[in-house]
$ cat run_24.json   # JSON, C-alpha atoms
[["chain", "number", "residue", "atom", "x", "y", "z"],
["A", 1, "MET", "CA", 19.94, 8.45, 11.58],
["A", 2, "TYR", "CA", 21.10, 7.70, 8.03],
["A", 3, "TYR", "CA", 20.85, 10.53, 5.49],
["A", 4, "LEU", "CA", 20.60, 9.42, 1.87],
["A", 5, "SER", "CA", 22.88, 10.81, -0.82],
["A", 6, "ARG", "CA", 22.45, 10.60, -4.58],
["A", 7, "ASP", "CA", 23.69, 7.01, -4.47],
["A", 8, "LEU", "CA", 20.99, 4.36, -4.83],
["A", 9, "TYR", "CA", 21.42, 2.80, -1.42],
["A", 10, "PHE", "CA", 19.45, 2.07, 1.76],
["A", 11, "PRO", "CA", 20.87, 0.80, 5.02],
["A", 12, "PRO", "CA", 19.40, -2.57, 6.05],
["A", 13, "ALA", "CA", 15.82, -2.30, 7.31],
["A", 14, "ARG", "CA", 16.96, -4.08, 10.47],
["A", 15, "GLN", "CA", 18.91, -0.94, 11.37],
["A", 16, "ALA", "CA", 15.75, 1.17, 11.61],
["A", 17, "SER", "CA", 15.15, 3.39, 14.63],
["A", 18, "PRO", "CA", 12.87, 2.01, 17.36],
["A", 19, "GLU", "CA", 9.83, 3.63, 15.70],
["A", 20, "GLY", "CA", 10.84, 2.28, 12.30],
["A", 21, "ILE", "CA", 12.65, 5.07, 10.42],
["A", 22, "VAL", "CA", 15.41, 3.65, 8.21],
["A", 23, "ALA", "CA", 16.64, 6.80, 6.44],
["A", 24, "ILE", "CA", 15.92, 10.43, 5.61],
["A", 25, "GLY", "CA", 16.14, 12.30, 2.31],
["A", 26, "GLY", "CA", 16.84, 11.06, -1.17],
["A", 27, "ASP", "CA", 14.23, 11.26, -3.88],
["A", 28, "LEU", "CA", 11.17, 9.49, -5.25],
["A", 29, "SER", "CA", 12.72, 8.24, -8.48],
["A", 30, "PRO", "CA", 11.37, 4.92, -9.78],
["A", 31, "GLU", "CA", 14.72, 3.26, -9.13],
["A", 32, "ARG", "CA", 14.92, 4.39, -5.50],
["A", 33, "LEU", "CA", 11.29, 3.57, -4.79],
["A", 34, "MET", "CA", 11.58, 0.04, -6.16],
["A", 35, "LEU", "CA", 14.86, -0.52, -4.30],
["A", 36, "ALA", "CA", 13.06, 0.51, -1.12],
["A", 37, "TYR", "CA", 10.10, -1.83, -1.59],
["A", 38, "HIS", "CA", 12.34, -4.77, -2.49],
["A", 39, "ASN", "CA", 14.09, -4.20, 0.84],
["A", 40, "GLY", "CA", 10.97, -3.85, 3.01],
["A", 41, "ILE", "CA", 11.09, -0.05, 3.15],
["A", 42, "PHE", "CA", 8.47, 2.52, 2.13],
["A", 43, "PRO", "CA", 8.21, 6.36, 2.11],
["A", 44, "TRP", "CA", 5.84, 8.09, 4.51],
["A", 45, "PHE", "CA", 6.10, 11.80, 5.26],
["A", 46, "GLU", "CA", 4.14, 15.05, 5.37],
["A", 47, "ASP", "CA", 4.24, 17.76, 2.71],
["A", 48, "ASP", "CA", 6.54, 20.03, 4.74],
["A", 49, "GLU", "CA", 8.92, 17.26, 5.85],
["A", 50, "PRO", "CA", 11.96, 15.64, 4.22],
["A", 51, "ILE", "CA", 11.29, 12.20, 2.77],
["A", 52, "LEU", "CA", 11.17, 9.64, 5.58],
["A", 53, "TRP", "CA", 11.77, 5.97, 4.78],
["A", 54, "TRP", "CA", 10.15, 3.40, 7.10],
["A", 55, "SER", "CA", 10.30, -0.26, 8.03],
["A", 56, "PRO", "CA", 8.17, -0.72, 11.17],
["A", 57, "PRO", "CA", 9.26, -3.25, 13.80],
["A", 58, "GLU", "CA", 5.89, -4.95, 13.34],
["A", 59, "ARG", "CA", 4.36, -5.20, 9.87],
["A", 60, "MET", "CA", 0.64, -5.47, 9.16],
["A", 61, "VAL", "CA", 0.13, -8.14, 6.49],
["A", 62, "LEU", "CA", -2.59, -10.34, 5.10],
["A", 63, "PHE", "CA", -1.88, -13.88, 4.01],
["A", 64, "PRO", "CA", -4.41, -14.47, 1.21],
["A", 65, "ASN", "CA", -5.81, -17.66, 2.73],
["A", 66, "GLU", "CA", -6.59, -15.77, 5.96],
["A", 67, "LEU", "CA", -8.98, -13.28, 4.33],
["A", 68, "LYS", "CA", -12.16, -12.82, 6.35],
["A", 69, "VAL", "CA", -15.32, -11.99, 4.42],
["A", 70, "SER", "CA", -18.39, -11.47, 6.60],
["A", 71, "LYS", "CA", -21.78, -12.85, 5.66],
["A", 72, "SER", "CA", -23.08, -9.32, 5.06],
["A", 73, "MET", "CA", -20.15, -8.59, 2.70],
["A", 74, "ARG", "CA", -20.81, -11.80, 0.81],
["A", 75, "ASN", "CA", -24.42, -10.68, 0.36],
["A", 76, "ILE", "CA", -23.28, -7.31, -1.00],
["A", 77, "ILE", "CA", -20.86, -8.99, -3.42],
["A", 78, "ASN", "CA", -23.53, -11.42, -4.61],
["A", 79, "ARG", "CA", -26.01, -8.60, -5.24],
["A", 80, "GLY", "CA", -23.70, -7.14, -7.88],
["A", 81, "ILE", "CA", -24.04, -3.57, -6.64],
["A", 82, "PHE", "CA", -20.45, -2.77, -7.57],
["A", 83, "LYS", "CA", -18.27, -3.38, -10.60],
["A", 84, "VAL", "CA", -14.57, -4.02, -10.01],
["A", 85, "THR", "CA", -11.78, -3.30, -12.50],
["A", 86, "PHE", "CA", -8.02, -3.64, -12.25],
["A", 87, "ASN", "CA", -5.49, -1.01, -13.25],
["A", 88, "THR", "CA", -7.80, 1.02, -15.49],
["A", 89, "ALA", "CA", -7.87, 4.38, -13.64],
["A", 90, "PHE", "CA", -4.70, 4.57, -11.56],
["A", 91, "ARG", "CA", -4.37, 8.37, -11.44],
["A", 92, "ASP", "CA", -8.02, 8.77, -10.46],
["A", 93, "VAL", "CA", -7.56, 6.27, -7.63],
["A", 94, "ILE", "CA", -4.44, 7.87, -6.16],
["A", 95, "ILE", "CA", -5.95, 11.36, -6.40],
["A", 96, "ASN", "CA", -9.06, 10.16, -4.59],
["A", 97, "CYS", "CA", -6.85, 8.56, -1.93],
["A", 98, "ARG", "CA", -5.09, 11.91, -1.58],
["A", 99, "ASN", "CA", -8.27, 13.97, -1.34],
["A", 100, "ILE", "CA", -10.51, 11.77, 0.79],
["A", 101, "LYS", "CA", -11.04, 13.04, 4.35],
["A", 102, "ARG", "CA", -10.04, 10.57, 7.07],
["A", 103, "ASP", "CA", -11.18, 10.60, 10.69],
["A", 104, "GLY", "CA", -8.49, 11.89, 13.02],
["A", 105, "GLN", "CA", -6.17, 13.02, 10.21],
["A", 106, "PRO", "CA", -5.85, 16.75, 9.43],
["A", 107, "GLY", "CA", -4.27, 16.17, 6.03],
["A", 108, "THR", "CA", -2.67, 13.56, 3.79],
["A", 109, "TRP", "CA", 0.78, 12.07, 3.33],
["A", 110, "ILE", "CA", 0.13, 11.63, -0.41],
["A", 111, "THR", "CA", 1.90, 14.77, -1.61],
["A", 112, "PRO", "CA", 1.73, 16.01, -5.23],
["A", 113, "GLU", "CA", 5.28, 14.67, -5.63],
["A", 114, "MET", "CA", 4.10, 11.25, -4.44],
["A", 115, "VAL", "CA", 1.19, 11.29, -6.90],
["A", 116, "GLU", "CA", 3.49, 11.88, -9.85],
["A", 117, "ALA", "CA", 6.08, 9.37, -8.63],
["A", 118, "TYR", "CA", 3.54, 6.55, -8.30],
["A", 119, "CYS", "CA", 1.84, 7.42, -11.58],
["A", 120, "GLU", "CA", 5.26, 6.99, -13.20],
["A", 121, "LEU", "CA", 5.61, 3.61, -11.50],
["A", 122, "ASN", "CA", 2.20, 2.71, -12.87],
["A", 123, "ARG", "CA", 3.35, 3.66, -16.36],
["A", 124, "LEU", "CA", 6.31, 1.33, -15.84],
["A", 125, "GLY", "CA", 4.03, -1.50, -14.72],
["A", 126, "LYS", "CA", 5.23, -1.48, -11.11],
["A", 127, "ALA", "CA", 2.30, 0.27, -9.39],
["A", 128, "LYS", "CA", -1.24, -1.00, -9.89],
["A", 129, "SER", "CA", -4.75, -0.11, -8.82],
["A", 130, "VAL", "CA", -8.12, -1.65, -8.13],
["A", 131, "GLU", "CA", -11.22, 0.39, -8.98],
["A", 132, "VAL", "CA", -14.77, 0.00, -7.69],
["A", 133, "TRP", "CA", -17.61, 1.50, -9.69],
["A", 134, "GLN", "CA", -21.28, 2.12, -8.95],
["A", 135, "ASP", "CA", -23.54, 3.42, -11.71],
["A", 136, "ASP", "CA", -20.42, 4.15, -13.78],
["A", 137, "LYS", "CA", -18.96, 6.37, -11.04],
["A", 138, "LEU", "CA", -15.68, 5.62, -9.27],
["A", 139, "VAL", "CA", -16.69, 5.11, -5.63],
["A", 140, "GLY", "CA", -13.76, 3.21, -4.18],
["A", 141, "GLY", "CA", -10.36, 1.75, -4.83],
["A", 142, "LEU", "CA", -6.81, 1.14, -3.74],
["A", 143, "TYR", "CA", -3.31, 1.18, -5.16],
["A", 144, "GLY", "CA", 0.08, -0.28, -4.37],
["A", 145, "ILE", "CA", 3.33, -1.72, -5.63],
["A", 146, "ASP", "CA", 3.43, -5.15, -7.28],
["A", 147, "LEU", "CA", 6.63, -7.08, -6.51],
["A", 148, "GLY", "CA", 5.47, -10.22, -8.30],
["A", 149, "HIS", "CA", 5.10, -12.35, -5.15],
["A", 150, "ILE", "CA", 4.04, -9.65, -2.68],
["A", 151, "PHE", "CA", 1.66, -6.74, -3.25],
["A", 152, "CYS", "CA", 2.54, -3.69, -1.15],
["A", 153, "GLY", "CA", -0.69, -1.83, -0.48],
["A", 154, "GLU", "CA", -0.34, 1.92, -0.15],
["A", 155, "SER", "CA", -3.76, 3.52, 0.33],
["A", 156, "MET", "CA", -7.46, 3.04, -0.29],
["A", 157, "PHE", "CA", -10.54, 5.24, -0.45],
["A", 158, "SER", "CA", -14.29, 4.85, -0.30],
["A", 159, "LYS", "CA", -17.09, 7.18, -1.35],
["A", 160, "ALA", "CA", -19.80, 4.56, -0.89],
["A", 161, "SER", "CA", -20.35, 2.21, 2.03],
["A", 162, "ASN", "CA", -18.16, -0.92, 1.74],
["A", 163, "ALA", "CA", -16.52, 0.16, -1.54],
["A", 164, "SER", "CA", -12.97, -0.02, -0.22],
["A", 165, "LYS", "CA", -13.68, -3.44, 1.27],
["A", 166, "ILE", "CA", -14.90, -4.62, -2.12],
["A", 167, "ALA", "CA", -11.62, -3.44, -3.68],
["A", 168, "PHE", "CA", -9.56, -5.12, -0.96],
["A", 169, "ILE", "CA", -11.40, -8.44, -1.20],
["A", 170, "ALA", "CA", -11.19, -8.46, -5.01],
["A", 171, "LEU", "CA", -7.44, -7.81, -4.85],
["A", 172, "VAL", "CA", -6.81, -10.54, -2.28],
["A", 173, "LYS", "CA", -8.74, -13.10, -4.30],
["A", 174, "GLN", "CA", -6.72, -12.22, -7.40],
["A", 175, "LEU", "CA", -3.45, -12.43, -5.46],
["A", 176, "GLU", "CA", -4.40, -15.83, -4.07],
["A", 177, "MET", "CA", -5.19, -17.20, -7.52],
["A", 178, "ALA", "CA", -1.81, -15.91, -8.76],
["A", 179, "GLY", "CA", 0.07, -17.54, -5.90],
["A", 180, "TYR", "CA", 1.21, -14.38, -4.09],
["A", 181, "LEU", "CA", 2.64, -14.91, -0.62],
["A", 182, "LEU", "CA", 1.03, -11.94, 1.10],
["A", 183, "LEU", "CA", -0.46, -8.47, 0.87],
["A", 184, "ASP", "CA", 1.64, -5.92, 2.75],
["A", 185, "CYS", "CA", -0.60, -3.48, 4.64],
["A", 186, "GLN", "CA", 2.31, -1.68, 6.37],
["A", 187, "VAL", "CA", 0.82, -0.53, 9.69],
["A", 188, "TYR", "CA", -2.02, -1.71, 11.92],
["A", 189, "ASN", "CA", -5.57, -0.45, 11.69],
["A", 190, "ASP", "CA", -8.86, -1.95, 12.84],
["A", 191, "HIS", "CA", -10.37, -1.93, 9.34],
["A", 192, "LEU", "CA", -7.64, -4.21, 7.99],
["A", 193, "ALA", "CA", -7.71, -6.41, 11.07],
["A", 194, "SER", "CA", -11.42, -7.04, 10.53],
["A", 195, "LEU", "CA", -10.55, -8.43, 7.09],
["A", 196, "GLY", "CA", -7.97, -10.86, 8.46],
["A", 197, "ALA", "CA", -4.75, -8.86, 8.39],
["A", 198, "ARG", "CA", -2.37, -9.23, 11.33],
["A", 199, "GLU", "CA", 1.01, -8.02, 12.51],
["A", 200, "ILE", "CA", 4.17, -10.03, 12.07],
["A", 201, "TYR", "CA", 7.70, -9.16, 13.13],
["A", 202, "ARG", "CA", 9.88, -7.21, 10.70],
["A", 203, "GLU", "CA", 12.35, -10.11, 10.53],
["A", 204, "ASP", "CA", 9.62, -12.50, 9.41],
["A", 205, "PHE", "CA", 8.38, -10.04, 6.81],
["A", 206, "LEU", "CA", 11.90, -9.54, 5.41],
["A", 207, "ASP", "CA", 12.42, -13.30, 5.23],
["A", 208, "ILE", "CA", 9.22, -13.69, 3.18],
["A", 209, "LEU", "CA", 10.19, -10.73, 1.00],
["A", 210, "LYS", "CA", 13.46, -12.41, 0.01],
["A", 211, "ARG", "CA", 11.82, -15.67, -1.15]]

$ encode --input "run_24.json" --output "structure tokens"
Amino acid sequence: MYYLSRDLYFPPARQASPEGIVAIGGDLSPERLMLAYHNGIFPWFEDDEPILWWSPPERMVLFPNELKVSKSMRNIINRGIFKVTFNTAFRDVIINCRNIKRDGQPGTWITPEMVEAYCELNRLGKAKSVEVWQDDKLVGGLYGIDLGHIFCGESMFSKASNASKIAFIALVKQLEMAGYLLLDCQVYNDHLASLGAREIYREDFLDILKR
């Protein structure tokens, strides 16, 4: 296992452990975080753990033209129940992602240190958010890292039925119009699969990342 020093360096993602851990330690400075994302690596760890840097052997991604929007979701969108904004309340979104309770998860991996690190990336124009509003209240959203041709999704939350799906669909449509290659969803879950995301091999993901 590779232990990071103060040097801004990651071993190649292809050298990850079988479960996908590339390295341990380091920090969450903007420079290290952006180096990680540009090399297909992301941090994921608990509050009482050292920083773990991951590149899973299979990567959950969504190619924008493969987005699946159900008939019921189209009806909800057309009814105008929700208002969607982009990058107007980043800190509120990440804090909601941190605080929202998730089935089967006792806590959150979004530590206070992570909140501040990603808010700094937002200030630098590297991290961005999508907000979903209902009656002027923030009821859903997501955030991630914008690499210019790939958007690396980090987390989403929903306080109203379908709000996170609204955020996801709005983001994908914007990415498609801007010519992005894919939305990185990191690891598999059924919710993302229902929207058209699928797993690809790490090698394929890294090849797309380098385009």

$ atom_distance --input "run_24.json" --atom1 "CA of Phe42 (chain A)" --atom2 "CA of Cys152 (chain A)"
9.2 Å

$ closest_residue --input "run_24.json" --among "A:Gly196, A:Gly40, A:Gly25, A:Gly153" --to "Pro12 (chain A)" --atoms "only C-alpha atoms"
A:Gly40

$ atom_distance --input "run_24.json" --atom1 "CA of Ile166 (chain A)" --atom2 "CA of Tyr37 (chain A)"
25.2 Å

$ atom_distance --input "run_24.json" --atom1 "CA of Ala163 (chain A)" --atom2 "CA of Gly140 (chain A)"
4.9 Å

$ closest_residue --input "run_24.json" --among "A:Val130, A:Leu8, A:Ile95, A:Leu206" --to "Tyr118 (chain A)" --atoms "all atoms listed in the file"
A:Ile95

$ closest_residue --input "run_24.json" --among "A:Glu46, A:Glu176, A:Glu203, A:Asp190" --to "Arg98 (chain A)" --atoms "all atoms listed in the file"
A:Glu46

$ residues_near_point --input "run_24.json" --point "(-13.2, 2.9, -11.6)" --cutoff "8 Å" --atoms "only C-alpha atoms" --output "number ranges by chain"
A: 84-85, 88-89, 92-93, 130-133, 136-141

$ residues_around --input "run_24.json" --residues "region 191-193 of chain A" --least-positions-apart "2" --cutoff "10 Å" --atoms "all atoms listed in the file" --output "ChimeraX atom specification"
/A:60-62,67-68,165,168,185,187-189,195-199

$ residues_near_point --input "run_24.json" --point "(20.0, 11.0, 14.3)" --cutoff "10 Å" --atoms "all atoms listed in the file" --output "PDB file with C-alpha atoms, in the coordinates of the input"
ATOM      1  CA  MET A   1      19.940   8.450  11.580  1.00  0.00           C
ATOM      2  CA  TYR A   2      21.100   7.700   8.030  1.00  0.00           C
ATOM      3  CA  TYR A   3      20.850  10.530   5.490  1.00  0.00           C
ATOM      4  CA  SER A  17      15.150   3.390  14.630  1.00  0.00           C
ATOM      5  CA  ALA A  23      16.640   6.800   6.440  1.00  0.00           C
ATOM      6  CA  ILE A  24      15.920  10.430   5.610  1.00  0.00           C
TER       7      ILE A  24
END

$ closest_residue --input "run_24.json" --among "A:Pro30, A:Pro57, A:Pro18, A:Gly179" --to "Gly125 (chain A)" --atoms "only C-alpha atoms"
A:Pro30

$ closest_residue --input "run_24.json" --among "A:Phe90, A:Trp109, A:Phe63, A:Phe151" --to "Asn122 (chain A)" --atoms "only C-alpha atoms"
A:Phe90

$ decode --input "run_24.json" --residues "region 44-74 of chain A" --atoms "N, CA and C atoms" --output "compact mmCIF listing (two decimals), in the first residue's frame"
# COMPACT_ATOMS: atom_id res chain seq x y z
N TRP A 44 -12.22 8.87 -0.14
CA TRP A 44 -13.42 8.27 0.45
C TRP A 44 -12.99 7.60 1.74
N PHE A 45 -13.39 8.14 2.87
CA PHE A 45 -12.93 7.63 4.15
C PHE A 45 -13.89 8.09 5.26
N GLU A 46 -13.81 7.44 6.39
CA GLU A 46 -14.63 7.81 7.55
C GLU A 46 -13.89 8.83 8.40
N ASP A 47 -14.63 9.45 9.33
CA ASP A 47 -14.08 10.54 10.13
C ASP A 47 -12.89 10.10 10.97
N ASP A 48 -12.86 8.85 11.42
CA ASP A 48 -11.79 8.38 12.30
C ASP A 48 -10.72 7.60 11.55
N GLU A 49 -10.71 7.69 10.22
CA GLU A 49 -9.74 6.98 9.40
C GLU A 49 -8.76 7.95 8.76
N PRO A 50 -7.57 7.45 8.36
CA PRO A 50 -6.72 8.27 7.49
C PRO A 50 -7.41 8.46 6.14
N ILE A 51 -6.95 9.43 5.38
CA ILE A 51 -7.54 9.66 4.05
C ILE A 51 -7.22 8.46 3.15
N LEU A 52 -8.26 7.89 2.57
CA LEU A 52 -8.10 6.79 1.62
C LEU A 52 -8.42 7.30 0.22
N TRP A 53 -7.58 6.96 -0.73
CA TRP A 53 -7.73 7.41 -2.11
C TRP A 53 -8.07 6.21 -2.99
N TRP A 54 -9.16 6.30 -3.75
CA TRP A 54 -9.74 5.16 -4.45
C TRP A 54 -9.77 5.34 -5.97
N SER A 55 -9.65 4.21 -6.65
CA SER A 55 -9.97 4.10 -8.07
C SER A 55 -10.50 2.69 -8.28
N PRO A 56 -11.81 2.50 -8.20
CA PRO A 56 -12.39 1.15 -8.24
C PRO A 56 -12.09 0.42 -9.55
N PRO A 57 -12.00 -0.90 -9.51
CA PRO A 57 -11.74 -1.65 -10.74
C PRO A 57 -12.86 -1.51 -11.77
N GLU A 58 -14.07 -1.26 -11.30
CA GLU A 58 -15.18 -0.95 -12.19
C GLU A 58 -15.77 0.39 -11.77
N ARG A 59 -16.00 1.25 -12.73
CA ARG A 59 -16.42 2.63 -12.46
C ARG A 59 -17.85 2.83 -12.95
N MET A 60 -18.70 3.35 -12.09
CA MET A 60 -20.07 3.66 -12.47
C MET A 60 -20.08 5.01 -13.19
N VAL A 61 -20.55 5.04 -14.41
CA VAL A 61 -20.57 6.27 -15.20
C VAL A 61 -21.90 6.39 -15.94
N LEU A 62 -22.18 7.60 -16.35
CA LEU A 62 -23.33 7.83 -17.24
C LEU A 62 -22.85 8.59 -18.46
N PHE A 63 -23.03 8.00 -19.62
CA PHE A 63 -22.82 8.73 -20.86
C PHE A 63 -24.09 9.55 -21.10
N PRO A 64 -23.96 10.86 -21.32
CA PRO A 64 -25.14 11.72 -21.36
C PRO A 64 -26.25 11.25 -22.29
N ASN A 65 -25.87 10.66 -23.43
CA ASN A 65 -26.91 10.22 -24.37
C ASN A 65 -27.61 8.94 -23.94
N GLU A 66 -27.18 8.36 -22.81
CA GLU A 66 -27.81 7.15 -22.30
C GLU A 66 -28.73 7.43 -21.10
N LEU A 67 -28.95 8.69 -20.81
CA LEU A 67 -29.85 9.06 -19.70
C LEU A 67 -31.24 8.49 -19.92
N LYS A 68 -31.78 7.89 -18.87
CA LYS A 68 -33.14 7.35 -18.92
C LYS A 68 -34.05 8.21 -18.05
N VAL A 69 -35.06 8.77 -18.66
CA VAL A 69 -36.05 9.57 -17.93
C VAL A 69 -37.40 8.90 -18.10
N SER A 70 -37.96 8.41 -17.02
CA SER A 70 -39.24 7.70 -17.09
C SER A 70 -40.38 8.65 -17.45
N LYS A 71 -41.47 8.07 -17.89
CA LYS A 71 -42.64 8.88 -18.23
C LYS A 71 -43.14 9.66 -17.02
N SER A 72 -43.12 9.02 -15.85
CA SER A 72 -43.59 9.71 -14.64
C SER A 72 -42.68 10.89 -14.30
N MET A 73 -41.34 10.72 -14.50
CA MET A 73 -40.42 11.83 -14.23
C MET A 73 -40.63 12.96 -15.23
N ARG A 74 -40.91 12.61 -16.47
CA ARG A 74 -41.17 13.66 -17.46
C ARG A 74 -42.41 14.47 -17.05
